Amino acid sequence: MVTLLLLLVIIAGGAAFYIWSAMQPVQPQTQPVAFTVVKGTGTSAIADTLEQKGLIRNALVFKAYLKFKQQGSAFQAGKYEAQPGVTFDQLVAKLSAGDVVKEEMIRFTIPEGYTIRQMADKLQKEGLANRKQFLQLANDPSAFDVSLVRDIPKQAGLRYALEGYLFPETYELKKGSTTKDIVQTMLEQTQKRLNTIPDLDAKLKQRGETLHQLLSVASLVEREVVVDEERPIVAGVIYNRLKKDKKLEIDATVQYMLDKQKERLYYKDLAVESPYNTYLHQGLPPGPIASPSLKSVVAALEPEATDYLFYVTKKDGTHKHLFAATYKEHLHNIQVSNRKTK
């Protein structure tokens, strides 16, 4: 009887020592070990992976430990790194918290009012995208799975189909993202921002306006206005001129077709034939001339009701405008503006 009891004690002690040994951290190392937990993977498979990677001594004991501690149900998928030598509790905490390896990211900013070509130049200069491919994709809406692109009309004279549809924003994407990934993300951001405007579709229907037309007006506002409070006023001027079948005569459309920002436009510039030249052609240009901010989109959707048909920039450094309802008043405002420079 004594012998049997002694044997049981020895067996129990051996088992306890075995479990204790199996629970001890492996030999510490300076180099972290990477492992991946695929979504849906059970704790048993995770334990096996940890043993295979040399992070624990015994998968079976780790499984029993998880069961005893009632842990493992909250383990999160992802790519992990762990230092050999960590304890069971440290591994459990890492997996439960989803303390995954932070992926390297790329970061870039698209300023408000940028054109497709400006974006392409900037992204190539920063080594983030291929300029030629970016411009090609800008004319291929069908390459993207975003409902937004369905509203882009296939009309003659449209320079870049995605002009005005890529939201100006600061972006962070995974390192290694392709040019197409970048364009897709920017389109999704535009869709997301437009979705924040209450009753957008209903308001467009009420106005008898398409999204493409709205973004076209918003882009004109973006390129013409600096002071936020003037955005809805300038939008109102644009709609007033459209209603009266007056040419918009907006300098920003000429700057767009010339592909350069000129301090002063000459009569020869205003005479260049292009569907975007609002000095020659009535109505809106074929599409947006830049990527508008959300403020400009809202201003175009909710223009301020006035009798104004003209505006001229104040030359006093404020970037504000002088507005007029008649051409005579407009000529007076031009004189006032010019006097500010003397």
# chains A, B, ... in the order shown; residues from 1 in each chain; ligands from 1
>>> residues_around(residues="A:Asp145", least_positions_apart="5", cutoff="10 Å", atoms="only C-alpha atoms", output="JSON, numbers by chain")
{"A": [150, 184, 187, 188]}
>>> residues_around(residues="A:Gln191", least_positions_apart="5", cutoff="9 Å", atoms="only C-alpha atoms", output="PyMOL selection string")
chain A and resi 146-148+165+167+186+196
>>> write_last_selection(atoms="all heavy atoms", output="CSV table (one decimal), in the first residue's frame")
chain,number,residue,atom,x,y,z
A,146,VAL,N,-16.9,51.1,-57.8
A,146,VAL,CA,-17.5,52.2,-57.0
A,146,VAL,C,-18.7,52.7,-57.7
A,146,VAL,O,-18.6,53.1,-58.9
A,146,VAL,CB,-16.5,53.3,-56.8
A,146,VAL,CG1,-17.1,54.4,-55.8
A,146,VAL,CG2,-15.2,52.8,-56.2
A,147,SER,N,-19.9,52.7,-57.0
A,147,SER,CA,-21.1,53.1,-57.7
A,147,SER,C,-21.0,54.5,-58.2
A,147,SER,O,-21.7,54.9,-59.2
A,147,SER,CB,-22.3,53.0,-56.7
A,147,SER,OG,-22.1,53.9,-55.6
A,148,LEU,N,-20.2,55.3,-57.7
A,148,LEU,CA,-20.0,56.7,-58.1
A,148,LEU,C,-19.7,56.9,-59.6
A,148,LEU,O,-20.2,57.8,-60.2
A,148,LEU,CB,-18.9,57.3,-57.3
A,148,LEU,CG,-18.5,58.8,-57.5
A,148,LEU,CD1,-19.5,59.7,-57.0
A,148,LEU,CD2,-17.1,59.1,-56.8
A,165,TYR,N,-13.7,63.6,-59.5
A,165,TYR,CA,-14.2,62.5,-58.7
A,165,TYR,C,-13.2,61.9,-57.7
A,165,TYR,O,-13.5,60.9,-57.0
A,165,TYR,CB,-14.7,61.4,-59.7
A,165,TYR,CG,-15.9,61.7,-60.4
A,165,TYR,CD1,-15.9,62.5,-61.6
A,165,TYR,CD2,-17.2,61.3,-60.0
A,165,TYR,CE1,-17.0,62.9,-62.3
A,165,TYR,CE2,-18.3,61.6,-60.7
A,165,TYR,CZ,-18.3,62.4,-61.9
A,165,TYR,OH,-19.4,62.7,-62.5
A,167,PHE,N,-11.2,62.5,-54.4
A,167,PHE,CA,-11.4,63.5,-53.4
A,167,PHE,C,-10.0,64.0,-52.9
A,167,PHE,O,-9.1,63.2,-52.6
A,167,PHE,CB,-12.1,62.9,-52.2
A,167,PHE,CG,-12.7,63.9,-51.3
A,167,PHE,CD1,-13.9,64.6,-51.6
A,167,PHE,CD2,-12.1,64.2,-50.1
A,167,PHE,CE1,-14.4,65.5,-50.8
A,167,PHE,CE2,-12.6,65.2,-49.3
A,167,PHE,CZ,-13.8,65.9,-49.6
A,186,MET,N,-9.3,56.7,-53.6
A,186,MET,CA,-9.7,58.1,-53.7
A,186,MET,C,-11.2,58.2,-54.2
A,186,MET,O,-11.9,59.1,-53.7
A,186,MET,CB,-8.8,58.9,-54.7
A,186,MET,CG,-7.4,59.0,-54.1
A,186,MET,SD,-6.2,59.8,-55.3
A,186,MET,CE,-6.8,61.5,-55.2
A,196,THR,N,-22.2,61.8,-46.9
A,196,THR,CA,-22.5,62.6,-45.6
A,196,THR,C,-23.4,63.8,-45.9
A,196,THR,O,-23.9,64.4,-44.9
A,196,THR,CB,-21.1,63.2,-45.1
A,196,THR,OG1,-20.6,64.1,-46.0
A,196,THR,CG2,-20.1,62.1,-44.8
>>> residues_around(residues="A:Ser219", least_positions_apart="4", cutoff="6 Å", atoms="only C-alpha atoms", output="mmCIF file with all heavy atoms, in the first residue's frame")
data_model
loop_
_atom_site.group_PDB
_atom_site.id
_atom_site.type_symbol
_atom_site.label_atom_id
_atom_site.label_comp_id
_atom_site.auth_asym_id
_atom_site.auth_seq_id
_atom_site.Cartn_x
_atom_site.Cartn_y
_atom_site.Cartn_z
ATOM 1 N N LEU A 215 -20.789 68.377 -59.629
ATOM 2 C CA LEU A 215 -19.347 68.372 -59.409
ATOM 3 C C LEU A 215 -18.642 69.343 -60.352
ATOM 4 O O LEU A 215 -17.603 69.919 -60.003
ATOM 5 C CB LEU A 215 -18.789 66.957 -59.583
ATOM 6 C CG LEU A 215 -19.211 65.935 -58.522
ATOM 7 C CD1 LEU A 215 -18.640 64.563 -58.831
ATOM 8 C CD2 LEU A 215 -18.776 66.381 -57.124
ATOM 9 N N PRO A 288 -15.979 68.384 -64.635
ATOM 10 C CA PRO A 288 -15.230 69.159 -63.644
ATOM 11 C C PRO A 288 -13.833 69.517 -64.158
ATOM 12 O O PRO A 288 -13.271 68.819 -65.004
ATOM 13 C CB PRO A 288 -15.145 68.204 -62.445
ATOM 14 C CG PRO A 288 -16.312 67.286 -62.609
ATOM 15 C CD PRO A 288 -16.437 67.083 -64.090
ATOM 16 N N ILE A 289 -13.288 70.611 -63.621
ATOM 17 C CA ILE A 289 -11.942 71.034 -64.021
ATOM 18 C C ILE A 289 -10.939 70.811 -62.886
ATOM 19 O O ILE A 289 -9.765 71.166 -63.030
ATOM 20 C CB ILE A 289 -11.921 72.509 -64.449
ATOM 21 C CG1 ILE A 289 -12.353 73.413 -63.288
ATOM 22 C CG2 ILE A 289 -12.813 72.733 -65.666
ATOM 23 C CD1 ILE A 289 -12.121 74.894 -63.533
ATOM 24 N N ALA A 290 -11.395 70.239 -61.792
ATOM 25 C CA ALA A 290 -10.533 69.982 -60.638
ATOM 26 C C ALA A 290 -11.311 69.171 -59.619
ATOM 27 O O ALA A 290 -12.500 68.915 -59.795
ATOM 28 C CB ALA A 290 -10.067 71.304 -60.019
ATOM 29 N N PRO A 292 -13.090 69.202 -56.301
ATOM 30 C CA PRO A 292 -13.620 70.174 -55.340
ATOM 31 C C PRO A 292 -13.625 69.646 -53.909
ATOM 32 O O PRO A 292 -13.703 68.448 -53.677
ATOM 33 C CB PRO A 292 -15.046 70.393 -55.840
ATOM 34 C CG PRO A 292 -15.419 69.079 -56.464
ATOM 35 C CD PRO A 292 -14.156 68.559 -57.084
#
>>> residues_around(residues="A:Glu104", least_positions_apart="3", cutoff="12 Å", atoms="only C-alpha atoms", output="VMD selection string")
chain A and resid 101 107 172 to 177
>>> write_last_selection(atoms="N, CA and C atoms", output="short mmCIF file (atom, residue, chain, number, x, y, z; two decimals), in the first residue's frame")
data_model
loop_
_atom_site.label_atom_id
_atom_site.label_comp_id
_atom_site.auth_asym_id
_atom_site.auth_seq_id
_atom_site.Cartn_x
_atom_site.Cartn_y
_atom_site.Cartn_z
N VAL A 101 1.46 43.18 -36.13
CA VAL A 101 2.57 43.97 -36.66
C VAL A 101 2.02 45.13 -37.46
N ARG A 107 2.01 57.68 -47.27
CA ARG A 107 1.15 58.81 -46.93
C ARG A 107 1.33 59.90 -47.97
N GLU A 172 -3.56 57.48 -46.28
CA GLU A 172 -2.59 56.49 -45.81
C GLU A 172 -2.97 55.14 -46.40
N LEU A 173 -2.08 54.55 -47.15
CA LEU A 173 -2.32 53.23 -47.74
C LEU A 173 -1.15 52.32 -47.40
N LYS A 174 -1.38 51.03 -47.55
CA LYS A 174 -0.32 50.07 -47.30
C LYS A 174 0.82 50.28 -48.29
N LYS A 175 2.03 50.14 -47.79
CA LYS A 175 3.20 50.23 -48.67
C LYS A 175 3.10 49.14 -49.72
N GLY A 176 3.37 49.49 -50.96
CA GLY A 176 3.24 48.54 -52.06
C GLY A 176 1.92 48.66 -52.79
N SER A 177 1.05 49.59 -52.35
CA SER A 177 -0.22 49.81 -53.05
C SER A 177 0.05 50.26 -54.48
#
>>> closest_residue(among="A:Leu258, A:Ala74, A:Ala64, A:Leu280", to="A:Lys39", atoms="only C-alpha atoms")
A:Ala74
>>> atom_distance(atom1="atom CA of A:Ala34", atom2="atom CA of A:Glu81")
4.3 Å
>>> select_by_dssp(residues="stretch 89-233 of chain A", states="strand (DSSP E)", output="MDAnalysis selection string")
chainID A and resid 105:109 170:174
>>> residues_around(residues="stretch 87-93 of chain A", least_positions_apart="3", cutoff="12 Å", atoms="only C-alpha atoms", output="PyMOL selection string")
chain A and resi 20+22-28+35+43+46-47+50-51+55-59+61-67+69-76+80-84+96-100
>>> residues_around(residues="stretch 178-183 of chain A", least_positions_apart="4", cutoff="8 Å", atoms="only C-alpha atoms", output="list in words")
Leu128, Ala129, Asn130, Gln133, Phe134, Leu137, Leu166, Leu173 and Leu187 of chain A
>>> select_by_dssp(residues="stretch 132-311 of chain A", states="helix (DSSP H, G or I)", output="PyMOL selection string")
chain A and resi 132-137+141-143+147-151+179-194+200-207+211-224+228-243+251-258+267-270+294-301
>>> closest_residue(among="A:His321, A:His281, A:Lys53, A:Arg159", to="A:Val237", atoms="only C-alpha atoms")
A:His321
>>> residues_around(residues="stretch 328-340 of chain A", least_positions_apart="5", cutoff="10 Å", atoms="only C-alpha atoms", output="PyMOL selection string")
chain A and resi 308-317+321-323
>>> atom_distance(atom1="atom CA of A:Val272", atom2="atom CA of A:Tyr114")
22.2 Å
>>> closest_residue(among="A:Asn195, A:Gln124, A:Ser142, A:Thr170", to="A:Lys154", atoms="only C-alpha atoms")
A:Ser142
>>> decode(residues="stretch 266-280 of chain A", atoms="N, CA, C and O atoms", output="mmCIF file, in the first residue's frame")
data_model
loop_
_atom_site.group_PDB
_atom_site.id
_atom_site.type_symbol
_atom_site.label_atom_id
_atom_site.label_comp_id
_atom_site.auth_asym_id
_atom_site.auth_seq_id
_atom_site.Cartn_x
_atom_site.Cartn_y
_atom_site.Cartn_z
ATOM 1 N N TYR A 266 -4.410 86.392 -71.631
ATOM 2 C CA TYR A 266 -4.466 87.338 -72.740
ATOM 3 C C TYR A 266 -5.629 86.979 -73.659
ATOM 4 O O TYR A 266 -6.179 85.885 -73.591
ATOM 5 N N TYR A 267 -5.980 87.919 -74.529
ATOM 6 C CA TYR A 267 -7.092 87.669 -75.444
ATOM 7 C C TYR A 267 -6.840 86.432 -76.302
ATOM 8 O O TYR A 267 -7.762 85.693 -76.627
ATOM 9 N N LYS A 268 -5.579 86.191 -76.646
ATOM 10 C CA LYS A 268 -5.259 85.012 -77.454
ATOM 11 C C LYS A 268 -5.552 83.718 -76.673
ATOM 12 O O LYS A 268 -5.911 82.693 -77.256
ATOM 13 N N ASP A 269 -5.404 83.774 -75.344
ATOM 14 C CA ASP A 269 -5.724 82.611 -74.507
ATOM 15 C C ASP A 269 -7.232 82.354 -74.515
ATOM 16 O O ASP A 269 -7.675 81.201 -74.590
ATOM 17 N N LEU A 270 -8.000 83.430 -74.445
ATOM 18 C CA LEU A 270 -9.452 83.316 -74.407
ATOM 19 C C LEU A 270 -10.028 82.845 -75.730
ATOM 20 O O LEU A 270 -11.191 82.414 -75.781
ATOM 21 N N ALA A 271 -9.204 82.905 -76.773
ATOM 22 C CA ALA A 271 -9.676 82.528 -78.108
ATOM 23 C C ALA A 271 -9.308 81.093 -78.483
ATOM 24 O O ALA A 271 -9.678 80.614 -79.564
ATOM 25 N N VAL A 272 -8.600 80.376 -77.593
ATOM 26 C CA VAL A 272 -8.196 79.000 -77.881
ATOM 27 C C VAL A 272 -9.427 78.099 -77.912
ATOM 28 O O VAL A 272 -10.232 78.094 -76.983
ATOM 29 N N GLU A 273 -9.562 77.350 -79.003
ATOM 30 C CA GLU A 273 -10.737 76.481 -79.156
ATOM 31 C C GLU A 273 -10.627 75.261 -78.244
ATOM 32 O O GLU A 273 -9.655 74.509 -78.284
ATOM 33 N N SER A 274 -11.641 75.096 -77.420
ATOM 34 C CA SER A 274 -11.730 73.944 -76.519
ATOM 35 C C SER A 274 -13.134 73.907 -75.957
ATOM 36 O O SER A 274 -13.720 74.950 -75.671
ATOM 37 N N PRO A 275 -13.693 72.699 -75.779
ATOM 38 C CA PRO A 275 -15.024 72.614 -75.163
ATOM 39 C C PRO A 275 -15.020 73.122 -73.722
ATOM 40 O O PRO A 275 -16.079 73.385 -73.160
ATOM 41 N N TYR A 276 -13.812 73.256 -73.142
ATOM 42 C CA TYR A 276 -13.701 73.761 -71.780
ATOM 43 C C TYR A 276 -13.613 75.290 -71.738
ATOM 44 O O TYR A 276 -13.657 75.872 -70.649
ATOM 45 N N ASN A 277 -13.491 75.927 -72.888
ATOM 46 C CA ASN A 277 -13.363 77.381 -72.928
ATOM 47 C C ASN A 277 -14.741 78.037 -72.777
ATOM 48 O O ASN A 277 -15.510 78.127 -73.730
ATOM 49 N N THR A 278 -15.040 78.494 -71.578
ATOM 50 C CA THR A 278 -16.361 79.081 -71.308
ATOM 51 C C THR A 278 -16.465 80.522 -71.799
ATOM 52 O O THR A 278 -17.507 81.160 -71.608
ATOM 53 N N TYR A 279 -15.398 81.025 -72.414
ATOM 54 C CA TYR A 279 -15.490 82.320 -73.089
ATOM 55 C C TYR A 279 -16.025 82.142 -74.508
ATOM 56 O O TYR A 279 -16.565 83.073 -75.090
ATOM 57 N N LEU A 280 -15.860 80.939 -75.038
ATOM 58 C CA LEU A 280 -16.321 80.657 -76.400
ATOM 59 C C LEU A 280 -17.633 79.885 -76.423
ATOM 60 O O LEU A 280 -18.445 80.054 -77.342
#
